[in-house]
Structures are given as C-alpha cells and as structure tokens.
$ cat model04.txt   # compact mmCIF, C-alpha atoms and all ligand atoms
# COMPACT_ATOMS: atom_id res chain seq x y z
CA MET Y 1 181.94 57.12 117.90
CA ASN Y 2 184.71 54.73 116.98
CA GLN Y 3 186.09 54.87 113.47
CA LYS Y 4 184.48 51.63 112.30
CA LEU Y 5 180.99 52.62 113.48
CA LYS Y 6 181.37 56.02 111.89
CA GLU Y 7 182.43 54.47 108.60
CA ASP Y 8 179.46 52.07 108.69
CA SER Y 9 177.08 55.01 108.85
CA ILE Y 10 178.54 56.55 105.68
CA LYS Y 11 177.52 55.61 102.15
CA ILE Y 12 178.89 56.97 98.91
CA TYR Y 13 177.01 56.76 95.60
CA LYS Y 14 178.59 57.56 92.27
CA GLY Y 15 176.77 58.58 89.07
CA HIS Y 16 175.60 61.59 87.10
CA VAL Y 17 173.91 63.66 89.77
CA ILE Y 18 171.15 66.16 88.97
CA PHE Y 19 168.69 67.98 91.23
CA THR Y 20 167.10 71.42 91.71
CA GLU Y 21 168.11 73.45 94.72
CA SER Y 22 165.96 76.23 93.27
CA PRO Y 23 163.39 76.16 90.46
CA GLU Y 24 165.40 78.37 88.12
CA ARG Y 25 168.18 75.94 87.28
CA PHE Y 26 169.48 72.41 87.62
CA ASN Y 27 172.45 71.55 89.82
CA THR Y 28 174.52 68.96 87.99
CA VAL Y 29 177.65 67.00 88.81
CA GLU Y 30 178.69 64.57 86.09
CA ASN Y 31 180.51 61.55 87.50
CA GLY Y 32 179.72 62.92 90.93
CA PHE Y 33 179.70 61.36 94.38
CA ILE Y 34 176.85 61.75 96.86
CA ILE Y 35 178.15 61.32 100.40
CA VAL Y 36 175.41 60.20 102.78
CA GLU Y 37 175.94 60.06 106.54
CA ASN Y 38 173.28 58.53 108.80
CA ASN Y 39 170.86 58.58 105.84
CA ILE Y 40 171.32 62.33 105.37
CA VAL Y 41 173.12 63.94 102.43
CA LYS Y 42 176.44 65.40 103.52
CA LYS Y 43 177.66 66.67 100.18
CA VAL Y 44 177.78 66.16 96.44
CA VAL Y 45 181.33 66.35 95.08
CA SER Y 46 183.23 65.56 91.92
CA LYS Y 47 186.22 64.14 93.87
CA ILE Y 48 186.06 62.20 97.12
CA PRO Y 49 187.70 64.15 99.98
CA ASP Y 50 190.57 62.37 101.79
CA GLU Y 51 188.58 61.82 104.97
CA TYR Y 52 186.27 59.45 103.05
CA LYS Y 53 188.96 57.50 101.23
CA ASN Y 54 188.35 54.27 103.21
CA ILE Y 55 184.65 54.14 102.35
CA SER Y 56 183.60 51.88 99.50
CA VAL Y 57 181.70 53.51 96.65
CA LYS Y 58 178.52 52.17 95.04
CA ASP Y 59 179.15 53.02 91.42
CA PHE Y 60 176.14 53.48 89.11
CA GLY Y 61 178.37 54.12 86.10
CA ASN Y 62 176.64 56.08 83.34
CA ARG Y 63 173.31 56.17 85.16
CA ILE Y 64 171.63 59.29 86.48
CA ILE Y 65 170.91 59.88 90.18
CA ILE Y 66 167.95 62.15 90.95
CA PRO Y 67 165.83 62.87 94.05
CA GLY Y 68 162.76 60.64 94.55
CA PHE Y 69 159.41 61.90 93.30
CA VAL Y 70 156.84 63.48 95.58
CA ASP Y 71 153.10 63.14 94.92
CA LEU Y 72 151.26 65.73 97.02
CA HIS Y 73 147.77 64.50 96.19
CA LEU Y 74 146.19 61.15 95.32
CA HIS Y 75 143.19 59.07 96.34
CA ALA Y 76 144.25 55.47 96.98
CA PRO Y 77 140.72 53.96 96.88
CA GLN Y 78 140.09 55.50 93.45
CA PHE Y 79 142.90 53.48 91.87
CA PRO Y 80 140.55 50.90 90.25
CA ASN Y 81 138.74 53.83 88.57
CA ALA Y 82 141.85 55.22 86.85
CA GLY Y 83 140.89 55.91 83.23
CA LEU Y 84 137.14 55.67 83.87
CA GLY Y 85 134.40 58.30 83.72
CA LEU Y 86 136.69 61.02 82.48
CA ASP Y 87 134.16 62.51 80.09
CA LYS Y 88 132.37 63.95 83.12
CA GLU Y 89 132.91 67.04 85.21
CA LEU Y 90 133.83 66.89 88.89
CA LEU Y 91 130.42 66.72 90.59
CA PRO Y 92 128.74 64.09 88.36
CA TRP Y 93 132.03 62.15 88.30
CA LEU Y 94 132.03 62.05 92.11
CA GLU Y 95 128.41 60.84 92.21
CA GLU Y 96 128.61 58.27 89.44
CA TYR Y 97 132.10 56.85 89.76
CA THR Y 98 133.98 57.97 92.84
CA PHE Y 99 131.54 57.61 95.73
CA PRO Y 100 130.34 54.13 94.66
CA GLU Y 101 133.95 52.92 94.38
CA GLU Y 102 135.02 54.45 97.71
CA ALA Y 103 132.03 52.83 99.45
CA LYS Y 104 133.59 49.42 98.74
CA TYR Y 105 136.39 50.00 101.28
CA LYS Y 106 134.07 49.03 104.11
CA ASP Y 107 135.29 45.58 103.07
CA THR Y 108 138.86 45.30 104.36
CA GLY Y 109 139.52 42.32 102.09
CA TYR Y 110 138.83 44.49 99.06
CA ALA Y 111 140.90 47.30 100.58
CA LYS Y 112 143.87 44.97 101.11
CA LYS Y 113 143.74 43.83 97.50
CA VAL Y 114 143.59 47.33 96.01
CA TYR Y 115 145.90 49.05 98.49
CA SER Y 116 148.64 46.44 98.01
CA ARG Y 117 148.56 47.32 94.30
CA VAL Y 118 148.55 51.07 95.00
CA VAL Y 119 151.65 50.80 97.17
CA GLU Y 120 153.36 48.64 94.57
CA GLU Y 121 152.52 51.23 91.88
CA LEU Y 122 153.93 54.06 93.96
CA TRP Y 123 157.14 52.09 94.40
CA LYS Y 124 157.24 51.20 90.71
CA ASN Y 125 156.83 54.82 89.59
CA GLY Y 126 159.57 56.11 91.87
CA THR Y 127 157.19 58.03 94.12
CA THR Y 128 159.16 57.93 97.33
CA ARG Y 129 156.80 60.23 99.27
CA ALA Y 130 153.05 60.68 98.86
CA VAL Y 131 150.19 62.52 100.55
CA ILE Y 132 147.16 60.30 100.29
CA PHE Y 133 143.39 60.42 100.77
CA ALA Y 134 142.05 57.03 101.88
CA SER Y 135 138.26 56.63 102.30
CA VAL Y 136 135.93 57.27 105.25
CA HIS Y 137 136.67 53.79 106.64
CA LYS Y 138 139.09 53.76 109.53
CA GLU Y 139 140.04 50.06 109.27
CA ALA Y 140 140.89 50.30 105.58
CA THR Y 141 142.79 53.54 106.20
CA ALA Y 142 144.86 51.86 108.91
CA LEU Y 143 145.53 48.99 106.54
CA LEU Y 144 146.87 51.36 103.86
CA PHE Y 145 149.03 53.04 106.48
CA ASP Y 146 150.57 49.70 107.50
CA LEU Y 147 151.23 48.64 103.90
CA LEU Y 148 153.14 51.89 103.29
CA VAL Y 149 155.20 51.34 106.43
CA LYS Y 150 155.97 47.80 105.34
CA ALA Y 151 157.03 49.00 101.89
CA GLY Y 152 159.39 51.58 103.39
CA LEU Y 153 157.82 54.54 101.58
CA GLY Y 154 157.23 57.96 103.12
CA ALA Y 155 153.62 59.16 103.31
CA TYR Y 156 150.81 61.03 104.98
CA VAL Y 157 147.57 59.04 104.99
CA GLY Y 158 144.19 60.56 105.81
CA LYS Y 159 140.89 59.04 106.84
CA VAL Y 160 138.36 61.06 104.85
CA ASN Y 161 135.56 62.95 106.63
CA MET Y 162 132.25 63.71 104.87
CA ASP Y 163 128.94 64.19 106.68
CA ARG Y 164 126.67 65.96 104.18
CA ASN Y 165 125.69 66.13 100.51
CA CYS Y 166 126.79 62.64 99.61
CA PRO Y 167 124.99 59.33 99.06
CA ASP Y 168 123.85 57.07 101.91
CA ILE Y 169 126.41 54.40 100.99
CA ILE Y 170 129.24 56.70 102.05
CA ILE Y 171 127.89 59.53 104.23
CA GLU Y 172 129.11 59.59 107.83
CA ASP Y 173 127.34 60.46 111.02
CA THR Y 174 129.18 63.52 112.33
CA GLN Y 175 129.93 62.18 115.79
CA GLN Y 176 130.96 58.75 114.52
CA SER Y 177 133.24 60.34 111.93
CA LEU Y 178 134.96 62.41 114.62
CA LYS Y 179 135.26 59.40 116.94
CA ASP Y 180 136.81 57.28 114.18
CA THR Y 181 139.21 60.07 113.27
CA ARG Y 182 140.29 60.47 116.88
CA GLU Y 183 140.90 56.72 117.19
CA TYR Y 184 142.89 56.69 113.97
CA LEU Y 185 145.03 59.59 115.15
CA GLU Y 186 145.59 58.15 118.62
CA THR Y 187 146.78 54.84 117.22
CA HIS Y 188 148.86 56.19 114.33
CA VAL Y 189 150.37 59.52 115.26
CA ASN Y 190 153.52 57.93 116.70
CA LYS Y 191 153.40 54.60 114.92
CA SER Y 192 155.97 55.20 112.20
CA GLU Y 193 158.84 57.51 111.45
CA HIS Y 194 158.05 58.05 107.78
CA VAL Y 195 154.32 57.39 107.52
CA LYS Y 196 152.02 59.76 109.39
CA PRO Y 197 148.31 60.53 109.67
CA ILE Y 198 146.80 63.70 108.22
CA ILE Y 199 143.41 65.37 108.85
CA THR Y 200 141.32 64.99 105.68
CA PRO Y 201 137.98 66.79 105.33
CA ARG Y 202 137.02 65.87 101.74
CA PHE Y 203 135.98 69.41 100.72
CA VAL Y 204 133.57 72.07 101.96
CA PRO Y 205 130.46 70.82 100.08
CA THR Y 206 130.57 67.44 101.88
CA CYS Y 207 131.62 68.71 105.33
CA SER Y 208 129.32 70.47 107.79
CA ALA Y 209 130.56 73.50 109.69
CA GLY Y 210 130.34 71.37 112.85
CA ILE Y 211 132.71 68.70 111.54
CA LEU Y 212 135.15 71.27 110.14
CA GLU Y 213 135.30 73.02 113.50
CA GLU Y 214 136.09 69.81 115.39
CA LEU Y 215 138.66 68.69 112.81
CA GLY Y 216 140.48 72.01 113.15
CA LYS Y 217 140.65 71.46 116.89
CA MET Y 218 141.88 67.89 116.43
CA ALA Y 219 144.66 68.99 114.06
CA ASN Y 220 145.84 71.29 116.81
CA GLU Y 221 145.45 68.76 119.61
CA PHE Y 222 147.40 66.03 117.80
CA ASP Y 223 149.72 68.43 116.00
CA VAL Y 224 149.02 66.87 112.61
CA PRO Y 225 148.79 68.40 109.13
CA ILE Y 226 145.69 68.93 107.01
CA GLN Y 227 144.69 68.22 103.39
CA SER Y 228 141.62 69.05 101.35
CA HIS Y 229 140.43 70.40 97.99
CA LEU Y 230 139.99 74.04 97.00
CA SER Y 231 138.42 75.80 93.99
CA GLU Y 232 138.79 73.01 91.46
CA ASN Y 233 135.69 73.42 89.36
CA MET Y 234 133.32 76.32 88.62
CA GLY Y 235 130.22 74.41 89.70
CA GLU Y 236 131.89 73.52 92.99
CA VAL Y 237 132.93 77.13 93.65
CA GLU Y 238 129.36 78.35 93.02
CA TRP Y 239 128.01 75.64 95.33
CA VAL Y 240 130.31 76.72 98.15
CA LYS Y 241 129.09 80.32 97.71
CA GLU Y 242 125.50 79.11 98.08
CA LEU Y 243 126.31 76.95 101.09
CA HIS Y 244 128.36 79.64 102.86
CA PRO Y 245 127.22 83.14 101.91
CA GLU Y 246 128.54 84.28 105.31
CA HIS Y 247 132.15 83.63 104.19
CA GLY Y 248 134.06 86.04 101.98
CA ASN Y 249 135.50 83.20 99.90
CA TYR Y 250 136.02 79.41 99.74
CA ALA Y 251 139.39 79.44 101.54
CA ASP Y 252 137.89 81.48 104.36
CA VAL Y 253 135.63 78.54 105.27
CA TYR Y 254 138.69 76.37 105.99
CA ASP Y 255 140.59 79.25 107.55
CA CYS Y 256 137.88 80.14 110.03
CA TYR Y 257 137.94 76.55 111.35
CA SER Y 258 141.77 76.47 111.66
CA LEU Y 259 142.16 74.22 108.64
CA PHE Y 260 144.19 76.56 106.46
CA GLY Y 261 147.81 76.64 107.52
CA GLN Y 262 147.30 76.72 111.29
CA LYS Y 263 149.00 73.32 110.88
CA PRO Y 264 150.85 72.47 107.63
CA THR Y 265 148.17 72.26 104.95
CA ILE Y 266 147.83 71.09 101.36
CA MET Y 267 144.97 72.25 99.15
CA ALA Y 268 144.54 70.37 95.89
CA HIS Y 269 143.82 72.18 92.59
CA CYS Y 270 143.42 75.92 93.40
CA ILE Y 271 142.33 76.83 89.88
CA TYR Y 272 139.78 79.53 90.65
CA ASN Y 273 141.36 81.20 93.69
CA THR Y 274 140.75 84.90 94.10
CA GLU Y 275 143.77 87.10 94.70
CA GLU Y 276 142.82 87.32 98.37
CA GLU Y 277 142.93 83.52 98.60
CA VAL Y 278 146.32 83.36 96.90
CA ILE Y 279 147.72 85.85 99.40
CA LEU Y 280 146.16 83.98 102.31
CA MET Y 281 147.85 80.79 101.08
CA ARG Y 282 151.18 82.58 100.88
CA ASN Y 283 150.79 84.15 104.32
CA ASN Y 284 149.62 80.91 105.95
CA GLU Y 285 152.22 78.86 104.03
CA VAL Y 286 149.51 76.61 102.59
CA TYR Y 287 150.71 74.30 99.80
CA ALA Y 288 148.90 74.06 96.48
CA ALA Y 289 148.93 70.58 94.91
CA HIS Y 290 148.84 71.12 91.15
CA CYS Y 291 147.14 68.16 89.46
CA PRO Y 292 147.19 68.88 85.71
CA TYR Y 293 145.98 65.49 84.44
CA SER Y 294 142.95 65.67 86.67
CA ASN Y 295 142.25 69.26 85.73
CA LEU Y 296 142.22 68.35 82.03
CA ASN Y 297 140.27 65.11 82.45
CA LEU Y 298 137.44 66.64 84.49
CA SER Y 299 137.32 69.85 82.36
CA SER Y 300 138.22 71.75 85.52
CA GLY Y 301 140.54 74.37 84.03
CA ILE Y 302 144.22 75.30 84.08
CA MET Y 303 145.77 76.41 87.36
CA PRO Y 304 147.79 79.62 86.94
CA VAL Y 305 150.88 78.02 88.52
CA ARG Y 306 153.16 80.85 87.41
CA HIS Y 307 151.05 83.35 89.35
CA PHE Y 308 151.24 81.21 92.52
CA LEU Y 309 155.03 80.93 92.14
CA ASP Y 310 155.38 84.67 91.54
CA LYS Y 311 153.39 85.33 94.72
CA GLY Y 312 155.56 82.95 96.75
CA VAL Y 313 153.01 80.19 97.38
CA ASN Y 314 154.41 76.67 97.97
CA VAL Y 315 153.47 74.46 95.03
CA GLY Y 316 153.95 70.72 94.46
CA LEU Y 317 152.55 68.21 91.97
CA GLY Y 318 149.80 65.64 92.42
CA SER Y 319 148.67 62.71 90.30
CA ASP Y 320 145.17 63.00 91.82
CA ILE Y 321 144.40 59.39 91.03
CA SER Y 322 141.72 58.88 89.71
CA GLY Y 323 140.75 62.37 88.53
CA GLY Y 324 144.21 62.00 87.06
CA HIS Y 325 144.75 58.69 85.26
CA LYS Y 326 148.54 58.33 85.63
CA MET Y 327 150.51 57.89 88.81
CA SER Y 328 153.89 58.72 87.27
CA ILE Y 329 155.18 62.06 88.56
CA PRO Y 330 157.53 62.58 85.60
CA SER Y 331 154.44 62.33 83.35
CA VAL Y 332 152.74 64.88 85.58
CA MET Y 333 155.81 67.13 85.22
CA ALA Y 334 155.55 66.91 81.42
CA ILE Y 335 151.84 67.70 81.27
CA ALA Y 336 152.31 70.53 83.80
CA ALA Y 337 154.86 72.08 81.45
CA GLN Y 338 152.62 71.50 78.42
CA ILE Y 339 149.45 73.06 79.82
CA SER Y 340 151.41 75.99 81.22
CA LYS Y 341 152.12 76.85 77.57
CA ILE Y 342 148.40 76.98 76.85
CA LYS Y 343 147.97 79.19 79.92
CA TRP Y 344 150.69 81.46 78.55
CA LEU Y 345 148.84 81.82 75.24
CA GLU Y 346 145.49 82.21 77.00
CA THR Y 347 146.84 85.09 79.10
CA ASN Y 348 148.32 86.99 76.15
CA LYS Y 349 151.76 85.76 77.14
CA GLU Y 350 151.51 87.18 80.63
CA LEU Y 351 152.01 83.97 82.63
CA ALA Y 352 155.25 82.49 81.29
CA PRO Y 353 155.36 78.74 80.64
CA LEU Y 354 157.00 76.51 83.25
CA THR Y 355 160.52 75.42 82.37
CA THR Y 356 161.85 71.88 82.73
CA SER Y 357 163.81 72.76 85.85
CA GLU Y 358 160.69 74.33 87.34
CA VAL Y 359 158.45 71.31 86.82
CA PHE Y 360 161.21 69.02 88.07
CA TYR Y 361 161.53 71.20 91.17
CA LEU Y 362 157.76 71.06 91.76
CA GLY Y 363 157.75 67.25 91.61
CA THR Y 364 160.75 66.88 93.95
CA LYS Y 365 161.76 69.69 96.31
CA GLY Y 366 158.57 71.77 95.88
CA GLY Y 367 156.35 69.00 97.26
CA GLY Y 368 159.19 67.50 99.30
CA LYS Y 369 159.26 70.56 101.57
CA PHE Y 370 155.99 69.38 103.04
CA PHE Y 371 157.95 66.41 104.46
CA GLY Y 372 160.83 68.52 105.77
CA LYS Y 373 164.23 68.37 104.10
CA VAL Y 374 163.16 66.14 101.23
CA GLY Y 375 163.48 66.35 97.44
CA SER Y 376 167.01 67.67 96.99
CA PHE Y 377 170.63 66.63 97.46
CA GLU Y 378 171.69 69.68 99.44
CA GLU Y 379 173.45 69.10 102.75
CA GLY Y 380 171.03 68.00 105.47
CA TYR Y 381 168.46 66.49 103.10
CA GLU Y 382 167.14 62.97 103.67
CA PHE Y 383 168.58 60.71 100.99
CA ASP Y 384 165.54 59.95 98.81
CA ALA Y 385 166.89 58.98 95.41
CA LEU Y 386 166.23 57.19 92.14
CA VAL Y 387 168.80 55.71 89.80
CA ILE Y 388 167.80 56.15 86.17
CA ASP Y 389 169.08 53.99 83.34
CA ASP Y 390 168.39 55.81 80.06
CA SER Y 391 170.56 53.60 77.86
CA SER Y 392 167.51 52.39 75.90
CA PHE Y 393 167.01 55.83 74.32
CA LEU Y 394 168.74 56.92 71.12
CA GLY Y 395 170.74 60.15 70.88
CA ASP Y 396 174.35 60.82 71.89
CA ASN Y 397 176.34 63.71 73.24
CA LEU Y 398 173.50 65.02 75.33
CA THR Y 399 173.98 67.18 78.37
CA LEU Y 400 172.79 65.80 81.70
CA GLU Y 401 169.86 68.26 81.65
CA GLU Y 402 168.86 66.96 78.21
CA ARG Y 403 169.07 63.35 79.38
CA LEU Y 404 166.83 64.17 82.33
CA GLN Y 405 164.35 66.03 80.12
CA ARG Y 406 164.19 63.02 77.80
CA PHE Y 407 163.50 60.74 80.76
CA ILE Y 408 160.72 63.07 81.97
CA TYR Y 409 159.01 63.01 78.56
CA LEU Y 410 159.78 59.46 77.39
CA GLY Y 411 160.76 57.46 80.43
CA ASP Y 412 158.75 55.20 82.68
CA ASP Y 413 159.25 52.74 85.51
CA ARG Y 414 161.43 50.53 83.31
CA ASN Y 415 164.13 53.20 83.47
CA ILE Y 416 164.15 53.32 87.28
CA VAL Y 417 166.65 50.76 88.51
CA GLU Y 418 167.01 51.66 92.22
CA ARG Y 419 164.98 53.57 94.80
CA TYR Y 420 166.03 54.98 98.16
CA VAL Y 421 163.85 56.51 100.87
CA ALA Y 422 165.52 58.26 103.82
CA GLY Y 423 168.77 56.46 103.06
CA ASN Y 424 167.25 52.98 102.76
CA ARG Y 425 167.21 51.05 99.53
CA ILE Y 426 163.60 50.03 98.89
CA GLU Y 427 162.88 46.74 97.17
CA LYS Y 428 159.69 45.87 95.33
CA PRO Y 429 157.06 45.41 98.07
CA SER Y 430 155.79 41.89 98.65
CA PHE Y 431 152.71 41.59 100.82
N1 LIG N 501 136.78 67.12 95.37
C1 LIG N 501 136.18 66.41 96.35
N2 LIG N 501 136.48 65.12 96.27
C2 LIG N 501 137.28 64.99 95.21
C3 LIG N 501 137.94 63.86 94.62
O1 LIG N 501 137.83 62.72 95.05
N3 LIG N 501 138.70 64.14 93.53
C4 LIG N 501 138.86 65.39 93.03
N4 LIG N 501 139.61 65.58 91.96
N5 LIG N 501 138.23 66.44 93.56
C5 LIG N 501 137.48 66.24 94.64
FE FE N 502 141.59 64.98 94.73
$ encode --input "model04.txt" --output "structure tokens" --more "lines below"
Ligand code: GUN
Ligand code: FE
Amino acid sequence: MNQKLKEDSIKIYKGHVIFTESPERFNTVENGFIIVENNIVKKVVSKIPDEYKNISVKDFGNRIIIPGFVDLHLHAPQFPNAGLGLDKELLPWLEEYTFPEEAKYKDTGYAKKVYSRVVEELWKNGTTRAVIFASVHKEATALLFDLLVKAGLGAYVGKVNMDRNCPDIIIEDTQQSLKDTREYLETHVNKSEHVKPIITPRFVPTCSAGILEELGKMANEFDVPIQSHLSENMGEVEWVKELHPEHGNYADVYDCYSLFGQKPTIMAHCIYNTEEEVILMRNNEVYAAHCPYSNLNLSSGIMPVRHFLDKGVNVGLGSDISGGHKMSIPSVMAIAAQISKIKWLETNKELAPLTTSEVFYLGTKGGGKFFGKVGSFEEGYEFDALVIDDSSFLGDNLTLEERLQRFIYLGDDRNIVERYVAGNRIEKPSF
C-alpha cells in the first residue's frame, strides 16, 4: 500500500481513555491516544510513536473515551409499553400487555413508526451493539433490520417463533412460522456486515417440540446464533416442568434440540438455574443476559451473577425493554451493582457484590464478546467508542475511574457527544 493510502486508513483519537480488558480492574490512560487502523484498534498509548507523526489527531480534550455499550437482550416491539404493567409478574404481564402490543406489528406502518424510534433511542443511549427480539412478523422484522443497517449500528435481529400457549392474535402455525423464518434467514444472512439475523424461539412454554427441533436444524444450516429466555420466573419454571417432565431441566429442552450453544447462544435472565444448568452453560459457552431492571419490575428475582462469573459463564447486560423500562446500559450497570449488594446480604455475604469495573465490563466487553472482538480497546478490537463530556457535574480532582463511575450513576445521553461503531462515526439517524 502506498504511504498516502496507508495514512488515510489510520485515525488517532485523543482523550482520557478508560476500558476493561478484564472485569477486575479498569485500564486507564489519561491524555491518551487511541490509534485505529482500518477501523480496528492498534494500540492505546500516552505518546504517539514516530511512525504515526504525520497523522492528524482528533483531540477530545478533557472528555472521556470509552467503549460503546452492548445490550444483549431487548424486545423492540415492546418499546411503546416501557413503564407499563410493571405491577404484574411475567406470565400475566405477557398476556395482558406484551402479546397485545406485539400483535400490532402485523401492520408495517406501525412497525416503521415504532422501530424508527427504537433505533434512534439505541443511538441516543450509546448502545452501539444490540441483540434484539422483533415480533413474529417477518416483514416488520426485516424492516427493523434495515433501519439498523441504515443507522450504522451493530445488531442481531430475530424473528420470534411461538406456536403454542399464546393468544390467537399472535400464535403462529408451525409450518408457516418455519417457512417465514427460513425466508428471513435466506434474505438477511449475508445482507449486512454489522447487522445479522438470529434464531429466536420465544421460550419453551410458547414453542412446541416440533418447532424447536426445526429451529435447531436451521441454526446449523444457516450457521446463525440463537437467543431465548431461561428460568426467569418461578411460575414459568414450574410450567416448563409440567410441559416437559421427560427433560431433566429447563436448559435440557433447548439443548436436546441443538439450541443451547451448538451455535453461539444467549439466554436471558437465568435466575433459577440449577447447578447442572450453570455448568452446561459454561461448557457450551452459552451467554447469560442479565436484565436487572426487568427482574425487579416483574418480581422475577435476583440473578446470582457472581456465581455465574465464578463458574466461568459468559455474562452480559440487557435492558429487556419492556420488562425493563430503561434502555440506557449505564443505568443497567448501576442497578446491576445495586441489586448484587442485596444478593450479597441475602446469601449471608457469600456472593460478593459486583464492583464498578465488573458491571462496566459486563456492559461492554462481556456482552461485546458475542459480536467478536468488541467492547474493549485492546489491539485487534473493532473501534466502537463513545466520547463522554462530564463537565456538567460538580466535583474536582477526581480520578478517571471516579469520573466514569459518576457518569454511570448520574449521566445520560446528554453526556454522550460522539459515537463510533466499527470505526465509523455514527450520526443521529434520520429516516
Ligand atoms: N419470556 C418470554 N417472553 C418474554 C418477554 O417478552 N419478556 C420477558 N422478560 N420474558 C419473556
Ligand atoms: Fe426478554
């Protein structure tokens, strides 16, 4: 490559750089430089090496540069329901609020209106990558996919499958559901570099064994990942036992149909997992999406995140809109830390509370791993970044870790002044 072309592919960003290579501690470089080549992080340094001296530097001054946020679990069609029906538990909430709202996405005009807002909100909150449940409707799902591509965000988007135990307005015929899923996969699997389809059986109670079996085969055939829900609520867990007495546990139902790590898999919630299920998740490298707002709102319980981390299970954070009412991942980080303290007390101080670096890790690199090298500024990582302006807060002489902690607890989208996904600066979407 000639010198000019090479130099054009290099970008240097200057600011106070903070990220988590590992959960235990922050990596910080005050007044640091992030060198990005071909959209990939080359290095983070405190002095620019000679070989880069001809490259201009984008200087963010006293601002903080952090990795973009990763939301491992949200339901786009539930966005209009955020903040509604949260005095119910999971199963009545699904019947009374969620299914009726999701049924509306048969209308692509309605879907376009809501999904444009959802994508704008993701952008606004600094969520650079998200793993999303759409609804059962393939046209609306495709529409959401295209809006995410247009916005320049990174995502997995699933057409939901559900063929039993749900109301007529939303239940699918098994064969039609499989046909629609196949069409969606065929037309989207190679459509975009950063937005991809994902197999999405809603959860065991609403999916027949027949549909689960075929979806497992399709994940293999198209080489696509899988997402679902696992052991969120006590009533749900009991129901799965009644529906599938032939299976040793809830996870085993997914596992026996090749929907549990045979391809990369995310299971949301995982509050009531047995030890066997935790070990199976670790062995099959299944990700747990921890969704603390949702778990509090729907009286589901508190996931023992510390136990999952100790056992070596991959964990990321999810907003779980609209079981969760807030899309902001820093808010999810804060509440994850807070409820882990209650878990600590509840377990006679056995499961230690999550630290700030741990919750930050979960909301960046922990979930980012599902996308590959995402969520950190180590060499070889895609440059997903946010520039944070915290000048509106009071308090001087803080360390960089303290400034980041304050942003996590007090900040919001007004503090996010720039967003990058895979090296590209992403502007506010306009559809
Ligand atoms: N389990 C099955 N469907 C859902 C859903 O939409 N939200 C949550 N939180 N749990 C579920
Ligand atoms: Fe969910």
$ residues_near_ligand --input "model04.txt" --ligand "ligand LIG 501 (chain N)" --cutoff "7 Å" --atoms "all atoms listed in the file" --output "mmCIF file with C-alpha atoms, in the coordinates of the input"
data_model
loop_
_atom_site.group_PDB
_atom_site.id
_atom_site.type_symbol
_atom_site.label_atom_id
_atom_site.label_comp_id
_atom_site.auth_asym_id
_atom_site.auth_seq_id
_atom_site.Cartn_x
_atom_site.Cartn_y
_atom_site.Cartn_z
ATOM 1 C CA HIS Y 75 143.190 59.070 96.340
ATOM 2 C CA LEU Y 90 133.830 66.890 88.890
ATOM 3 C CA LEU Y 94 132.030 62.050 92.110
ATOM 4 C CA THR Y 98 133.980 57.970 92.840
ATOM 5 C CA ARG Y 202 137.020 65.870 101.740
ATOM 6 C CA PHE Y 203 135.980 69.410 100.720
ATOM 7 C CA HIS Y 229 140.430 70.400 97.990
ATOM 8 C CA GLU Y 232 138.790 73.010 91.460
ATOM 9 C CA SER Y 294 142.950 65.670 86.670
ATOM 10 C CA ASP Y 320 145.170 63.000 91.820
ATOM 11 C CA GLY Y 323 140.750 62.370 88.530
#
$ residues_near_ligand --input "model04.txt" --ligand "ligand FE 502 (chain N)" --cutoff "12 Å" --atoms "all atoms listed in the file" --output "number ranges by chain"
Y: 71-79, 90, 93-94, 98, 131-135, 160, 200-203, 227-233, 266-270, 288-295, 298, 300, 317-325
$ closest_residue --input "model04.txt" --among "Y:Cys207, Y:Val374, Y:Val315, Y:Leu309" --to "Ala352 (chain Y)" --atoms "only C-alpha atoms"
Y:Leu309
$ closest_residue --input "model04.txt" --among "Y:Asn283, Y:Gly109, Y:Glu213, Y:Ile342" --to "Ser258 (chain Y)" --atoms "all atoms listed in the file"
Y:Glu213
$ atom_distance --input "model04.txt" --atom1 "CA of Asp87 (chain Y)" --atom2 "CA of Trp123 (chain Y)"
29.0 Å
$ closest_residue --input "model04.txt" --among "Y:His244, Y:Lys138, Y:Lys311, Y:Lys349" --to "Lys106 (chain Y)" --atoms "all atoms listed in the file"
Y:Lys138
$ closest_residue --input "model04.txt" --among "Y:Ile226, Y:Val114, Y:Glu427, Y:Ala130" --to "Lys159 (chain Y)" --atoms "only C-alpha atoms"
Y:Ile226
$ residues_near_point --input "model04.txt" --point "(189.2, 54.0, 103.8)" --cutoff "12 Å" --atoms "all atoms listed in the file" --output "ChimeraX atom specification"
/Y:3-4,6-8,10-12,48-57
$ residues_around --input "model04.txt" --residues "Val240 (chain Y)" --least-positions-apart "4" --cutoff "7 Å" --atoms "all atoms listed in the file" --output "list in words"
Val204, Pro205, Glu236, His244 and Tyr250 of chain Y
